[in-house]
Amino acid sequence: MSKTFSREEVSKHNKNGDLVGRLQWIIIDSTVYDVSKFASLHPGGLAALSNEEVAGQDATDSFFELHRFEVLQRPQYSRLKIGHIHGEEPQITSRPPGSPSEVPFAEPTWLSKGYYSPYYNESHRRLQQAIRKFNQEVVFPDAQAREEDGKRASKHIFEARARLNLPAMGLGPGPHLQGLTLMDGAVKPEEFDCFHELVMIQEGSRLHARGYTDGLAGGTYIALPPIMRYARPEIRDRIVKEVFAGEKFLSLAVTEAYAGSDVAGIRTRANKTQGGWIVNGRWVVLCENSLMFSTPIVYTYRQYPGQQGNSEFPLYAKPKTGLKSIQKWITNGTFADYFVTACKNETEGGIVVLLIERGEGIETRLIHTSYSTAAGTAFITFDDVFVPDAHVLGPSTDGLRIILSNFNHERWAMACGSIGTQRAIAEECFKWAVQRKVFGKPLISQAVIRSKLAGMISRVESGQNWLENVTYQMTRMNSAQQAALLAG
Ligand code: HEM
């Protein structure tokens with residue numbers, strides 16, 4: 001943007017039908033915007049921009065009474081900038097990508113100028129800076145667009161994440177990092193600890209796109225650990241490779257409309273058959289609401305690999321009557337290639353965890369939840385799905401322990417994300433309160449607004465401090481100690 005204009009020149013572009021092609025310009029903070037075509041699309045209406053106090057004028061004050069600076073940084077509005085006023089410099093400048101925010105309390109203490117923390121070292125700082133820059137420059141535009149249109153993250157983002165080994169780092173410290181170059185060398189595999197993981201999660205909160213970030217890595221984060229711990233080595237190695245390369249995606253299927261998050265109460269059934277298991281063989285899905293019907297099952301017989309007998313007399317238990325059963329709220333379910341699925345083991349008792357590959361008998365459908373559908377949250381129906389024995393994770397009756405084994409780590413990660421998001425919200429409110437003018441002065445000059453901000457900040461800071469304490473314990477304790485002393 002190199003063109004310069006005088007204020008007088010801009011003032012001539014002040015109404016529709018004025019000079020050829022250049023109908024309506026405005027000045028905001030010494031930058032000149034051509035809003036001729038945009039005016040009819042403006043979310044605040046055409047009239048706001050056509051107003052004679054705005055069109056062709058310096059609209060800086062009017063603009064900041066109604067918008068925040070960040071509006072002008074949205075990629076879709078950059079084409080409106082056509083130059084700047086000769087001899088003037090913008091008063092509001094954005095910080096270079098990756099640099100910390102200077103809004104009070106927008107960063108945790110360890111990133112705030114002049115403060116210290118016992119928990120973080122140079123490798124945490126290097127990682128934080130590299131991720132902040134990558135997120136701002138590469139991920140943020142896609143995150144905003146996909147959060148809005150509800151589609152999953154774009155392919156180039158998955159590819160970029162895989163190149164930096166972010167899917168592997170997302171699982172936290174461990175042998176799976178050995179031999180990998182992490183974030184272009186920002187941190188070494190042997191240095192990586194729970195604080196690095198905390199940093200990654202909290203940087204993700206700054207994307208302001210909760211559904212999108214779950215769509216990026218949510219399913220893998222919760223479904224890969226049981227595979228890494230309990231799958232047969234050849235299966236584990238194949239899936240880990242595919243997932244770390246950003247080629248395949250996972251979902252954890254352990255919740256249902258009936259059971260909610262009570263994994264032990266799961267109704268999806270697995271029956272032993274020759275060479276494997278039939279999932280939901282006795283159950284049929286009739287509808288997806290939370291009503292239950294008892295009804296004679298209508299089913300078709302299928303022949304499965306290794307099965308003796310014929311198609312009219314399958315070897316697995318003959319269906320009697322069925323209630324509807326369906327897995328619900330399954331993050332990344334719409335696009336997952338594998339489902340780590342908790343099933344009631346009807347043959348031996350207990351719960352069996354099966355690694356189910358997308359294929360015949362599996363239907364996934366999008367759920368519109370309160371956050372963006374970019375997360376791919378789904379209903380999943382398993383209708384007589386055959387799962388080979390090799391895909392059983394761990395002991396076939398001990399599935400509850402297998403599923404629960406990762407829950408504490410998930411809870412901690414949710415606390416990291418949730419506190420990070422609360423801080424991001426507090427920062428947005430702070431910025432709005434400073435920039436927005438009402439009754440002739442900025443909102444922040446009202447005591448009630450300052451009191452509300454102080455309340456928000458005190459909750460964020462106490463949450464962060466407790467989180468860092470717990471995270472420090474995680475770096476010192478083994479998993480048994482963590483389960484006994486931290487899980488509550
Ligand atoms: C390049 C210039 C501008 C752009 C890109 C722009 C963009 C937007 C956007 C995205 C919104 C939706 C709310 C938000 O996201 O903050 C909005 C709302 C609005 N804009 Fe603008 N705007 C511009 C200039 C102006 C000017 C100069 C005025 C008039 C003084 C104006 C008046 C309004 C009004 C009245 C609203 C509705 C505010 C509300 O609902 O609280 N806009 N604008």
# chains A, B, ... in the order shown; residues from 1 in each chain; ligands from 1
$ select_by_dssp --residues "stretch 317-419 of chain A" --states "strand (DSSP E or B)" --output "PyMOL selection string"
chain A and resi 321-322+327-330+338-345+351-357+362-366+378-382+385-388+392-393+398
$ residues_near_ligand --ligand "ligand 1" --cutoff "7 Å" --atoms "only C-alpha atoms and all ligand atoms" --output "VMD selection string"
chain A and resid 33 35 42 to 45 48 to 49 54 59 62 to 63 66 to 68 71 to 72 77 80
$ residues_around --residues "A:Met456" --least-positions-apart "6" --cutoff "10 Å" --atoms "only C-alpha atoms" --output "list in words"
Gln422, Arg423, Ile425, Ala426, Glu427, Cys429 and Arg450 of chain A
$ residues_around --residues "A:Thr181" --least-positions-apart "5" --cutoff "8 Å" --atoms "only C-alpha atoms" --output "PyMOL selection string"
chain A and resi 164-165+188-189
$ write_last_selection --atoms "all heavy atoms" --output "PDB file, in the first residue's frame"
ATOM      1  N   LEU A 164       5.567 -30.139  11.021  1.00  0.00           N
ATOM      2  CA  LEU A 164       6.193 -29.645  12.257  1.00  0.00           C
ATOM      3  C   LEU A 164       6.107 -30.652  13.403  1.00  0.00           C
ATOM      4  O   LEU A 164       6.543 -30.393  14.505  1.00  0.00           O
ATOM      5  CB  LEU A 164       5.514 -28.336  12.677  1.00  0.00           C
ATOM      6  CG  LEU A 164       5.696 -27.173  11.703  1.00  0.00           C
ATOM      7  CD1 LEU A 164       4.716 -26.051  12.003  1.00  0.00           C
ATOM      8  CD2 LEU A 164       7.132 -26.652  11.747  1.00  0.00           C
ATOM      9  N   ASN A 165       5.462 -31.799  13.129  1.00  0.00           N
ATOM     10  CA  ASN A 165       5.237 -32.850  14.139  1.00  0.00           C
ATOM     11  C   ASN A 165       4.329 -32.390  15.279  1.00  0.00           C
ATOM     12  O   ASN A 165       4.448 -32.866  16.418  1.00  0.00           O
ATOM     13  CB  ASN A 165       6.578 -33.379  14.682  1.00  0.00           C
ATOM     14  CG  ASN A 165       7.205 -34.330  13.671  1.00  0.00           C
ATOM     15  OD1 ASN A 165       6.521 -35.207  13.126  1.00  0.00           O
ATOM     16  ND2 ASN A 165       8.470 -34.143  13.381  1.00  0.00           N
ATOM     17  N   LYS A 188      13.667 -29.969  22.004  1.00  0.00           N
ATOM     18  CA  LYS A 188      14.168 -31.322  21.715  1.00  0.00           C
ATOM     19  C   LYS A 188      13.226 -32.360  22.326  1.00  0.00           C
ATOM     20  O   LYS A 188      12.630 -32.093  23.382  1.00  0.00           O
ATOM     21  CB  LYS A 188      15.557 -31.504  22.341  1.00  0.00           C
ATOM     22  CG  LYS A 188      16.624 -30.620  21.741  1.00  0.00           C
ATOM     23  CD  LYS A 188      18.000 -31.119  22.205  1.00  0.00           C
ATOM     24  CE  LYS A 188      19.097 -30.191  21.744  1.00  0.00           C
ATOM     25  NZ  LYS A 188      19.263 -29.009  22.580  1.00  0.00           N
ATOM     26  N   PRO A 189      13.121 -33.540  21.692  1.00  0.00           N
ATOM     27  CA  PRO A 189      12.209 -34.569  22.240  1.00  0.00           C
ATOM     28  C   PRO A 189      12.459 -34.865  23.713  1.00  0.00           C
ATOM     29  O   PRO A 189      11.536 -35.016  24.501  1.00  0.00           O
ATOM     30  CB  PRO A 189      12.497 -35.792  21.362  1.00  0.00           C
ATOM     31  CG  PRO A 189      13.006 -35.235  20.080  1.00  0.00           C
ATOM     32  CD  PRO A 189      13.734 -33.976  20.430  1.00  0.00           C
TER      33      PRO A 189
END
$ closest_residue --among "A:Glu88, A:Ser112, A:Pro173, A:Ala245" --to "A:Glu159" --atoms "only C-alpha atoms"
A:Ala245
$ select_by_dssp --residues "stretch 3-42 of chain A" --states "helix (DSSP H, G or I)" --output "PyMOL selection string"
chain A and resi 7-11+38-41
$ write_last_selection --atoms "C-alpha atoms" --output "tab-separated table (two decimals), in the first residue's frame"
chain	number	residue	atom	x	y	z
A	7	ARG	CA	-7.28	14.92	2.86
A	8	GLU	CA	-8.83	17.25	0.31
A	9	GLU	CA	-8.61	14.58	-2.38
A	10	VAL	CA	-10.33	12.05	-0.13
A	11	SER	CA	-13.09	14.52	0.72
A	38	PHE	CA	-18.37	-2.72	0.64
A	39	ALA	CA	-20.99	-0.21	1.85
A	40	SER	CA	-23.95	-2.36	0.78
A	41	LEU	CA	-22.36	-5.42	2.49
$ residues_around --residues "stretch 205-219 of chain A" --least-positions-apart "6" --cutoff "7 Å" --atoms "only C-alpha atoms" --output "list in words"
Phe140, Ala143, Gln144, Arg146, Glu147, Arg152, Ala153, Leu250, Ser251, Leu252, Thr331, Asn332, Tyr371, Ser372, Thr373, Ala374, Ala375, Gly376, Gly417, Gly420, Thr421 and Ala424 of chain A
$ residues_around --residues "A:Gly276" --least-positions-apart "5" --cutoff "9 Å" --atoms "only C-alpha atoms" --output "number ranges by chain"
A: 271, 305-306, 386-392
$ residues_around --residues "A:Val279" --least-positions-apart "6" --cutoff "7 Å" --atoms "only C-alpha atoms" --output "list of chain:residue names"
A:Arg269, A:Ala270, A:Asn271, A:Phe382, A:Asp383, A:Asp384, A:Val385, A:Phe386
$ closest_residue --among "A:Ser418, A:Gln327, A:Thr93, A:Gln274" --to "A:Tyr258" --atoms "only C-alpha atoms"
A:Gln327
$ closest_residue --among "A:Ala480, A:Cys416, A:Ala487, A:Ala264" --to "A:Ile351" --atoms "only C-alpha atoms"
A:Ala264
$ closest_residue --among "A:Glu52, A:Asp29, A:Glu363, A:Asp184" --to "A:Ala378" --atoms "only C-alpha atoms"
A:Glu363
